[in-house]
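**Student:** Next comes the structure file start03.cif, holding mmCIF, C-alpha atoms and all ligand atoms.
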data_target
#
loop_
_atom_site.label_atom_id
_atom_site.label_comp_id
_atom_site.auth_asym_id
_atom_site.auth_seq_id
_atom_site.Cartn_x
_atom_site.Cartn_y
_atom_site.Cartn_z
CA MET A 1 0.00 0.00 0.00
CA PRO A 2 1.38 3.46 -0.84
CA ASN A 3 1.76 6.13 1.84
CA VAL A 4 -1.27 8.09 2.97
CA GLU A 5 -1.43 11.30 0.94
CA ILE A 6 -2.70 14.38 2.76
CA ILE A 7 -3.72 17.05 0.28
CA GLY A 8 -3.95 20.65 1.50
CA PRO A 9 -1.71 23.62 2.27
CA ALA A 10 0.44 23.51 5.43
CA PRO A 11 -0.98 26.79 6.83
CA SER A 12 -4.55 25.36 6.87
CA THR A 13 -5.63 24.59 10.45
CA TYR A 14 -7.68 21.58 9.34
CA THR A 15 -4.80 20.23 7.24
CA ARG A 16 -2.46 20.59 10.20
CA ALA A 17 -4.90 18.67 12.41
CA VAL A 18 -4.92 15.59 10.16
CA ARG A 19 -1.14 15.78 9.78
CA MET A 20 -0.89 15.82 13.57
CA VAL A 21 -2.92 12.59 13.65
CA CYS A 22 -0.38 10.99 11.28
CA GLU A 23 2.50 12.25 13.43
CA GLU A 24 0.93 11.08 16.72
CA LYS A 25 0.37 7.60 15.29
CA SER A 26 3.67 7.47 13.34
CA ILE A 27 1.77 6.98 10.07
CA PRO A 28 4.06 7.60 7.08
CA TYR A 29 2.41 10.25 4.89
CA ASP A 30 3.11 12.57 2.01
CA LEU A 31 1.84 16.14 2.05
CA LYS A 32 0.70 17.61 -1.26
CA GLN A 33 0.10 21.31 -0.78
CA SER A 34 -2.75 21.85 -3.23
CA PRO A 35 -4.99 24.82 -2.37
CA PRO A 36 -8.76 24.69 -1.86
CA HIS A 37 -10.73 24.43 -5.11
CA SER A 38 -7.72 23.11 -7.05
CA THR A 39 -8.29 20.20 -9.41
CA ASP A 40 -6.76 17.75 -6.89
CA VAL A 41 -9.07 18.89 -4.13
CA ASP A 42 -12.22 19.32 -6.20
CA ALA A 43 -11.83 15.72 -7.36
CA ILE A 44 -12.36 14.54 -3.76
CA HIS A 45 -14.25 17.25 -1.83
CA PRO A 46 -17.66 18.24 -3.25
CA PHE A 47 -17.16 21.82 -1.98
CA GLY A 48 -13.43 22.08 -2.74
CA LYS A 49 -12.29 22.32 0.90
CA VAL A 50 -9.00 21.12 2.36
CA PRO A 51 -7.75 18.74 3.56
CA VAL A 52 -8.59 15.71 1.49
CA MET A 53 -6.87 12.35 1.71
CA ARG A 54 -5.91 9.47 -0.55
CA HIS A 55 -4.78 6.05 0.68
CA GLY A 56 -4.31 3.64 -2.21
CA ASP A 57 -7.66 3.64 -4.01
CA PHE A 58 -9.49 5.15 -1.04
CA GLU A 59 -10.28 8.88 -1.20
CA LEU A 60 -11.82 10.87 1.63
CA CYS A 61 -12.68 14.44 2.58
CA GLU A 62 -13.54 16.29 5.82
CA SER A 63 -10.93 16.45 8.56
CA LYS A 64 -12.88 14.59 11.25
CA ALA A 65 -13.71 11.75 8.83
CA ILE A 66 -10.04 11.56 7.81
CA ALA A 67 -8.96 11.51 11.47
CA THR A 68 -11.45 8.70 12.20
CA TYR A 69 -10.15 6.65 9.27
CA LEU A 70 -6.51 7.12 10.29
CA ASP A 71 -7.27 6.30 13.92
CA LEU A 72 -9.13 3.08 13.03
CA ALA A 73 -6.99 1.91 10.12
CA PHE A 74 -3.59 2.28 11.77
CA PRO A 75 -2.12 0.92 14.97
CA GLY A 76 -0.74 3.13 17.70
CA LYS A 77 -2.34 5.26 20.36
CA LYS A 78 -6.09 5.87 20.03
CA LEU A 79 -6.90 9.52 19.46
CA ILE A 80 -10.66 9.04 19.29
CA PRO A 81 -11.77 7.22 22.44
CA THR A 82 -14.21 4.30 22.41
CA GLU A 83 -15.50 4.60 25.99
CA PRO A 84 -18.99 6.11 25.42
CA ARG A 85 -18.74 9.29 27.49
CA HIS A 86 -15.17 10.05 26.49
CA ALA A 87 -16.01 9.40 22.83
CA ALA A 88 -19.08 11.65 23.02
CA LEU A 89 -17.17 14.48 24.71
CA THR A 90 -14.48 14.27 22.04
CA GLU A 91 -17.15 14.47 19.33
CA GLN A 92 -18.86 17.34 21.17
CA TRP A 93 -15.70 19.48 21.25
CA VAL A 94 -14.82 18.76 17.64
CA SER A 95 -18.34 19.78 16.67
CA LEU A 96 -18.37 22.95 18.83
CA VAL A 97 -15.07 24.03 17.32
CA ASN A 98 -15.89 23.14 13.71
CA THR A 99 -19.45 24.42 13.58
CA LYS A 100 -19.14 27.62 15.65
CA ILE A 101 -15.72 28.51 17.06
CA ASP A 102 -13.86 28.10 13.74
CA GLY A 103 -16.34 30.56 12.16
CA THR A 104 -15.60 33.25 14.73
CA LEU A 105 -11.95 32.72 15.52
CA VAL A 106 -10.59 31.65 12.13
CA ARG A 107 -12.94 32.70 9.33
CA THR A 108 -13.95 36.11 10.75
CA TYR A 109 -11.14 37.21 13.11
CA LEU A 110 -7.88 35.59 11.94
CA LEU A 111 -8.51 35.66 8.20
CA ASN A 112 -9.21 39.38 8.45
CA TYR A 113 -5.65 39.88 9.68
CA ILE A 114 -4.00 37.25 7.48
CA PHE A 115 -5.80 38.18 4.24
CA PRO A 116 -6.78 41.82 4.91
CA LYS A 117 -9.52 43.21 2.71
CA GLY A 118 -9.73 46.76 4.13
CA ALA A 119 -8.65 49.97 2.41
CA ASP A 120 -4.92 49.98 1.42
CA GLY A 121 -4.66 46.28 2.14
CA SER A 122 -5.13 46.81 5.88
CA PRO A 123 -7.35 44.65 8.10
CA ASP A 124 -11.00 45.66 8.20
CA ARG A 125 -11.07 47.29 11.66
CA LYS A 126 -14.87 47.42 11.81
CA THR A 127 -15.21 43.65 11.33
CA ILE A 128 -12.40 42.91 13.79
CA ASP A 129 -13.79 45.26 16.44
CA ALA A 130 -17.25 43.74 16.05
CA VAL A 131 -16.00 40.17 16.48
CA VAL A 132 -13.51 40.76 19.33
CA PRO A 133 -16.11 40.40 22.13
CA VAL A 134 -17.11 36.99 20.74
CA VAL A 135 -13.44 36.03 20.29
CA LYS A 136 -12.95 36.74 24.01
CA GLN A 137 -16.06 34.77 24.99
CA GLU A 138 -14.94 31.74 23.00
CA ILE A 139 -11.40 31.87 24.39
CA ASP A 140 -12.97 32.02 27.86
CA LEU A 141 -15.14 29.00 27.01
CA LEU A 142 -12.06 27.01 25.96
CA ASP A 143 -10.22 28.17 29.10
CA ARG A 144 -13.02 26.88 31.35
CA ALA A 145 -13.20 23.60 29.41
CA VAL A 146 -9.52 22.74 29.78
CA ALA A 147 -9.45 23.92 33.42
CA LYS A 148 -11.45 20.83 34.43
CA GLY A 149 -9.34 17.87 33.35
CA GLY A 150 -6.39 19.47 31.57
CA PHE A 151 -7.74 18.52 28.11
CA LEU A 152 -10.81 19.49 26.09
CA ALA A 153 -12.54 16.14 26.47
CA GLY A 154 -11.77 15.09 30.02
CA ASP A 155 -8.40 14.08 31.38
CA SER A 156 -6.51 12.69 28.39
CA PHE A 157 -5.27 13.83 24.99
CA THR A 158 -7.71 13.22 22.11
CA PHE A 159 -8.45 14.41 18.59
CA ALA A 160 -10.48 17.25 20.17
CA ASP A 161 -7.16 18.74 21.38
CA ILE A 162 -5.47 18.15 18.03
CA ASN A 163 -8.38 19.91 16.32
CA VAL A 164 -8.10 23.09 18.40
CA MET A 165 -4.30 23.43 18.74
CA PRO A 166 -3.65 24.77 15.20
CA ILE A 167 -6.26 27.49 15.83
CA LEU A 168 -4.74 28.51 19.18
CA ALA A 169 -1.30 28.67 17.55
CA TYR A 170 -2.50 31.41 15.19
CA LEU A 171 -4.55 33.23 17.83
CA LYS A 172 -1.49 33.71 20.02
CA ASN A 173 0.13 35.83 17.28
CA PHE A 174 -2.57 38.48 16.92
CA PRO A 175 -3.19 41.36 19.30
CA GLU A 176 -6.65 40.91 20.86
CA SER A 177 -6.67 37.11 20.82
CA GLY A 178 -3.05 36.97 22.02
CA SER A 179 -3.90 39.12 25.06
CA ALA A 180 -7.04 37.09 25.76
CA ILE A 181 -5.07 33.83 25.70
CA ALA A 182 -2.31 35.29 27.88
CA ALA A 183 -4.99 36.25 30.44
CA ALA A 184 -6.58 32.77 30.31
CA GLU A 185 -4.41 30.85 32.77
CA SER A 186 -5.62 27.31 32.10
CA LEU A 187 -5.68 27.71 28.32
CA SER A 188 -2.17 29.22 28.31
CA ALA A 189 -0.82 26.33 30.38
CA TYR A 190 -2.65 23.85 28.13
CA PHE A 191 -1.17 25.42 25.00
CA GLU A 192 2.35 25.44 26.42
CA ARG A 193 2.07 21.78 27.44
CA LEU A 194 0.57 20.51 24.18
CA SER A 195 2.73 22.65 21.91
CA ALA A 196 5.76 20.69 23.11
CA ARG A 197 4.41 17.53 21.43
CA PRO A 198 6.46 16.45 18.39
CA SER A 199 3.22 16.20 16.34
CA PHE A 200 2.70 19.93 16.85
CA GLN A 201 6.34 20.91 16.35
CA ASN A 202 6.71 18.83 13.18
CA THR A 203 3.68 20.39 11.47
CA ALA A 204 4.37 24.09 12.16
CA PRO A 205 3.43 26.22 9.12
CA PRO A 206 5.28 29.38 8.08
CA ARG A 207 4.33 32.16 10.49
CA PRO A 208 1.97 34.80 9.01
CA GLN A 209 2.63 38.47 9.71
CA ALA A 210 -0.15 40.78 10.88
CA LYS A 211 -0.46 43.85 8.66
CA ALA A 212 -0.72 47.20 10.44
CA SER A 213 -4.30 48.50 10.63
N1 LIG B 1 -15.46 20.89 7.40
C1 LIG B 1 -14.20 20.94 6.72
C2 LIG B 1 -13.69 22.37 6.77
C3 LIG B 1 -12.40 22.53 5.99
C4 LIG B 1 -12.12 24.00 5.67
O1 LIG B 1 -12.96 24.89 5.85
N2 LIG B 1 -10.91 24.21 5.16
C5 LIG B 1 -10.57 25.54 4.73
C6 LIG B 1 -9.07 25.78 4.90
S1 LIG B 1 -8.56 25.69 6.59
C7 LIG B 1 -10.94 25.68 3.26
O2 LIG B 1 -10.83 24.74 2.49
N3 LIG B 1 -11.39 26.88 2.86
C8 LIG B 1 -11.76 27.16 1.51
C9 LIG B 1 -13.25 27.27 1.33
O3 LIG B 1 -14.01 27.10 2.31
O4 LIG B 1 -13.68 27.51 0.21
C10 LIG B 1 -13.19 19.96 7.38
O5 LIG B 1 -13.35 19.69 8.57
O6 LIG B 1 -12.30 19.45 6.67
#
Could you write out this structure as structure tokens?

**Tutor:**
Amino acid sequence: MPNVEIIGPAPSTYTRAVRMVCEEKSIPYDLKQSPPHSTDVDAIHPFGKVPVMRHGDFELCESKAIATYLDLAFPGKKLIPTEPRHAALTEQWVSLVNTKIDGTLVRTYLLNYIFPKGADGSPDRKTIDAVVPVVKQEIDLLDRAVAKGGFLAGDSFTFADINVMPILAYLKNFPESGSAIAAAESLSAYFERLSARPSFQNTAPPRPQAKAS
């Protein structure tokens, strides 16, 4: 069987999450950095989103589905628990992040800094200022969640943690979210602890620069 092929750009948070699964489980993989809506991606994802995956003749899209496949198909530590409550909490946090938190923190806040669309190529201050209160609320929510057991889904490392770490890594580099994380004691400690994992270190994308507003 050929190596797993992960298709998607390294800076993508969702692409990094599935790469982290490969790294955690020591799954040999090749990264093909095709952008969203490229021919490679459109051939596998009906809406052209990254990452997508190919393993031999098996093609798959959607990061959580890819993580589930990798976790079940390969030996090594389990990243998606099977104990009912632990499994459900993992699923809950992946869903909360992917269906709500990603929209606020990544699509609205971070992408406004990383791909600024304001006048003179500067970030759109109005959009950022409007979303900052929600950014702070969601960082506070994550802080309270990890304060309980040290991880998002209870007291051990799961795919829920992998799924959120690439987002936190970006948030730390931008002004309002960086200050909010610094003030969130449990979340800061969580990030420091988990960012030491080789899976996180080995998948670090090039660091984006904030443009002056
Ligand atoms: N639900 C998808 C979301 C993936 C996603 O939104 N990826 C972003 C890059 S991080 C993307 O492809 N954006 C392009 C677009 O939405 O058109 C997953 O979990 O894989």

**Student:** For ligand LIG 1 (chain B), collect every residue having any atom at a distance of at most 12 Å from a ligand atom (counting all atoms listed in the file); output as a ChimeraX atom specification.

**Tutor:** /A:6-18,33-38,41-42,44-53,60-68,94-100,102-103,105-107,110-111,163-164,166-167,170

**Student:** As number ranges by chain, please: the residues near A:Ile80 (cut-off 12 Å, only C-alpha atoms, same-chain neighbours under 5 positions excluded).

**Tutor:** A: 21, 25, 64-72, 85-94, 153, 156-163

**Student:** Could you tell me how far atom CA of A:Asp129 sits from atom CA of A:Asn112, in Å to one decimal place?

**Tutor:**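 Distance between the two atoms: 10.9 Å.
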
**Student:** Kindly indicate which residue among A:Val131, A:Asp140, A:Gly121, A:Tyr190 lies nearest to A:Asp155, using all atoms listed in the file for the distances.

**Tutor:**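 Among the listed residues, the smallest separation from A:Asp155 belongs to A:Tyr190.
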
**Student:** Quick check, in Å to one decimal: how far apart do atom CA of A:Tyr29 and atom CA of A:Gln201 lie?

**Tutor:**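 Atom CA of A:Gln201 lies at a distance of 16.1 Å from atom CA of A:Tyr29.
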
**Student:** Rounded to one decimal place, report the atom CA of A:Pro28-atom CA of A:Ala196 distance in Å.

**Tutor:**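 Straight-line distance from atom CA of A:Pro28 to atom CA of A:Ala196 works out to 20.8 Å.
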
**Student:** Within 8 Å of A:Met20, counting only C-alpha atoms, which residues qualify if same-chain residues fewer than 6 places away don't, as a list in words?

**Tutor:** Ile162, Ser199, Phe200 and Thr203 of chain A

**Student:** Using all atoms listed in the file, which residue out of A:Leu187, A:Asp30, A:Ser195, A:Tyr109 lies closest to A:Lys148?

**Tutor:**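 Of the candidates, the smallest distance to A:Lys148 is held by A:Leu187.
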
**Student:** Could you pull the residues within 12 Å of A:Glu185, counting only C-alpha atoms, minus those fewer than 3 positions along the same chain, as a list of chain:residue names?

**Tutor:** A:Ile139, A:Asp140, A:Leu142, A:Asp143, A:Arg144, A:Ala145, A:Val146, A:Ala147, A:Gly150, A:Ser179, A:Ala180, A:Ile181, A:Ala182, A:Ser188, A:Ala189, A:Tyr190, A:Phe191, A:Glu192

**Student:** Between A:Ile101, A:Val135, A:Ala119, A:Met165, which residue has the minimum interatomic distance to A:Arg193, considering all atoms listed in the file?

**Tutor:** A:Met165

**Student:** Give the answer as one residue: which of A:Cys22, A:Leu194, A:Val4, A:Ala130 has the shortest atom-to-atom distance to A:Thr104, using all atoms listed in the file?

**Tutor:**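 Among the listed residues, the smallest separation from A:Thr104 belongs to A:Ala130.
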
**Student:** Complete the atom set of stretch 154-178 of chain A to N, CA, C and O atoms and return it as a PDB file, in the frame of the given file.

**Tutor:**
ATOM      1  N   GLY A 154     -12.127  15.864  28.830  1.00  0.00           N
ATOM      2  CA  GLY A 154     -11.770  15.090  30.020  1.00  0.00           C
ATOM      3  C   GLY A 154     -10.313  15.181  30.384  1.00  0.00           C
ATOM      4  O   GLY A 154      -9.711  16.249  30.304  1.00  0.00           O
ATOM      5  N   ASP A 155      -9.732  14.017  30.773  1.00  0.00           N
ATOM      6  CA  ASP A 155      -8.400  14.080  31.380  1.00  0.00           C
ATOM      7  C   ASP A 155      -7.334  13.383  30.546  1.00  0.00           C
ATOM      8  O   ASP A 155      -6.300  12.976  31.064  1.00  0.00           O
ATOM      9  N   SER A 156      -7.586  13.218  29.240  1.00  0.00           N
ATOM     10  CA  SER A 156      -6.510  12.690  28.390  1.00  0.00           C
ATOM     11  C   SER A 156      -6.577  13.303  26.996  1.00  0.00           C
ATOM     12  O   SER A 156      -7.607  13.832  26.575  1.00  0.00           O
ATOM     13  N   PHE A 157      -5.462  13.223  26.310  1.00  0.00           N
ATOM     14  CA  PHE A 157      -5.270  13.830  24.990  1.00  0.00           C
ATOM     15  C   PHE A 157      -6.097  13.080  23.938  1.00  0.00           C
ATOM     16  O   PHE A 157      -6.018  11.857  23.836  1.00  0.00           O
ATOM     17  N   THR A 158      -6.889  13.827  23.166  1.00  0.00           N
ATOM     18  CA  THR A 158      -7.710  13.220  22.110  1.00  0.00           C
ATOM     19  C   THR A 158      -7.652  14.073  20.844  1.00  0.00           C
ATOM     20  O   THR A 158      -7.041  15.161  20.840  1.00  0.00           O
ATOM     21  N   PHE A 159      -8.375  13.632  19.835  1.00  0.00           N
ATOM     22  CA  PHE A 159      -8.450  14.410  18.590  1.00  0.00           C
ATOM     23  C   PHE A 159      -9.086  15.793  18.840  1.00  0.00           C
ATOM     24  O   PHE A 159      -8.817  16.732  18.091  1.00  0.00           O
ATOM     25  N   ALA A 160      -9.895  15.930  19.883  1.00  0.00           N
ATOM     26  CA  ALA A 160     -10.480  17.250  20.170  1.00  0.00           C
ATOM     27  C   ALA A 160      -9.357  18.264  20.443  1.00  0.00           C
ATOM     28  O   ALA A 160      -9.455  19.433  20.038  1.00  0.00           O
ATOM     29  N   ASP A 161      -8.303  17.839  21.114  1.00  0.00           N
ATOM     30  CA  ASP A 161      -7.160  18.740  21.380  1.00  0.00           C
ATOM     31  C   ASP A 161      -6.393  19.018  20.093  1.00  0.00           C
ATOM     32  O   ASP A 161      -6.005  20.155  19.827  1.00  0.00           O
ATOM     33  N   ILE A 162      -6.176  17.974  19.313  1.00  0.00           N
ATOM     34  CA  ILE A 162      -5.470  18.150  18.030  1.00  0.00           C
ATOM     35  C   ILE A 162      -6.226  19.159  17.167  1.00  0.00           C
ATOM     36  O   ILE A 162      -5.630  20.024  16.523  1.00  0.00           O
ATOM     37  N   ASN A 163      -7.549  19.064  17.174  1.00  0.00           N
ATOM     38  CA  ASN A 163      -8.380  19.910  16.320  1.00  0.00           C
ATOM     39  C   ASN A 163      -8.302  21.396  16.690  1.00  0.00           C
ATOM     40  O   ASN A 163      -8.420  22.257  15.827  1.00  0.00           O
ATOM     41  N   VAL A 164      -8.091  21.683  17.981  1.00  0.00           N
ATOM     42  CA  VAL A 164      -8.100  23.090  18.400  1.00  0.00           C
ATOM     43  C   VAL A 164      -6.692  23.706  18.429  1.00  0.00           C
ATOM     44  O   VAL A 164      -6.542  24.924  18.306  1.00  0.00           O
ATOM     45  N   MET A 165      -5.663  22.881  18.578  1.00  0.00           N
ATOM     46  CA  MET A 165      -4.300  23.430  18.740  1.00  0.00           C
ATOM     47  C   MET A 165      -3.843  24.307  17.562  1.00  0.00           C
ATOM     48  O   MET A 165      -3.251  25.366  17.780  1.00  0.00           O
ATOM     49  N   PRO A 166      -4.089  23.903  16.299  1.00  0.00           N
ATOM     50  CA  PRO A 166      -3.650  24.770  15.200  1.00  0.00           C
ATOM     51  C   PRO A 166      -4.328  26.143  15.230  1.00  0.00           C
ATOM     52  O   PRO A 166      -3.734  27.140  14.815  1.00  0.00           O
ATOM     53  N   ILE A 167      -5.546  26.208  15.743  1.00  0.00           N
ATOM     54  CA  ILE A 167      -6.260  27.490  15.830  1.00  0.00           C
ATOM     55  C   ILE A 167      -5.612  28.353  16.921  1.00  0.00           C
ATOM     56  O   ILE A 167      -5.313  29.529  16.720  1.00  0.00           O
ATOM     57  N   LEU A 168      -5.356  27.752  18.077  1.00  0.00           N
ATOM     58  CA  LEU A 168      -4.740  28.510  19.180  1.00  0.00           C
ATOM     59  C   LEU A 168      -3.366  29.044  18.764  1.00  0.00           C
ATOM     60  O   LEU A 168      -2.975  30.149  19.150  1.00  0.00           O
ATOM     61  N   ALA A 169      -2.649  28.251  17.971  1.00  0.00           N
ATOM     62  CA  ALA A 169      -1.300  28.670  17.550  1.00  0.00           C
ATOM     63  C   ALA A 169      -1.364  29.991  16.784  1.00  0.00           C
ATOM     64  O   ALA A 169      -0.521  30.869  16.989  1.00  0.00           O
ATOM     65  N   TYR A 170      -2.361  30.140  15.914  1.00  0.00           N
ATOM     66  CA  TYR A 170      -2.500  31.410  15.190  1.00  0.00           C
ATOM     67  C   TYR A 170      -2.970  32.517  16.127  1.00  0.00           C
ATOM     68  O   TYR A 170      -2.480  33.640  16.076  1.00  0.00           O
ATOM     69  N   LEU A 171      -3.950  32.194  16.966  1.00  0.00           N
ATOM     70  CA  LEU A 171      -4.550  33.230  17.830  1.00  0.00           C
ATOM     71  C   LEU A 171      -3.507  33.902  18.704  1.00  0.00           C
ATOM     72  O   LEU A 171      -3.609  35.088  19.011  1.00  0.00           O
ATOM     73  N   LYS A 172      -2.508  33.151  19.126  1.00  0.00           N
ATOM     74  CA  LYS A 172      -1.490  33.710  20.020  1.00  0.00           C
ATOM     75  C   LYS A 172      -0.702  34.849  19.353  1.00  0.00           C
ATOM     76  O   LYS A 172      -0.118  35.678  20.024  1.00  0.00           O
ATOM     77  N   ASN A 173      -0.705  34.855  17.998  1.00  0.00           N
ATOM     78  CA  ASN A 173       0.130  35.830  17.280  1.00  0.00           C
ATOM     79  C   ASN A 173      -0.578  37.138  16.948  1.00  0.00           C
ATOM     80  O   ASN A 173       0.017  37.995  16.302  1.00  0.00           O
ATOM     81  N   PHE A 174      -1.843  37.264  17.300  1.00  0.00           N
ATOM     82  CA  PHE A 174      -2.570  38.480  16.920  1.00  0.00           C
ATOM     83  C   PHE A 174      -3.026  39.224  18.177  1.00  0.00           C
ATOM     84  O   PHE A 174      -3.213  38.598  19.233  1.00  0.00           O
ATOM     85  N   PRO A 175      -3.157  40.554  18.073  1.00  0.00           N
ATOM     86  CA  PRO A 175      -3.190  41.360  19.300  1.00  0.00           C
ATOM     87  C   PRO A 175      -4.309  40.998  20.286  1.00  0.00           C
ATOM     88  O   PRO A 175      -4.011  40.647  21.437  1.00  0.00           O
ATOM     89  N   GLU A 176      -5.568  41.086  19.879  1.00  0.00           N
ATOM     90  CA  GLU A 176      -6.650  40.910  20.860  1.00  0.00           C
ATOM     91  C   GLU A 176      -6.742  39.474  21.348  1.00  0.00           C
ATOM     92  O   GLU A 176      -6.938  39.220  22.541  1.00  0.00           O
ATOM     93  N   SER A 177      -6.579  38.534  20.423  1.00  0.00           N
ATOM     94  CA  SER A 177      -6.670  37.110  20.820  1.00  0.00           C
ATOM     95  C   SER A 177      -5.441  36.707  21.628  1.00  0.00           C
ATOM     96  O   SER A 177      -5.539  35.918  22.587  1.00  0.00           O
ATOM     97  N   GLY A 178      -4.277  37.274  21.273  1.00  0.00           N
ATOM     98  CA  GLY A 178      -3.050  36.970  22.020  1.00  0.00           C
ATOM     99  C   GLY A 178      -3.178  37.417  23.466  1.00  0.00           C
ATOM    100  O   GLY A 178      -2.835  36.669  24.394  1.00  0.00           O
TER     101      GLY A 178
END
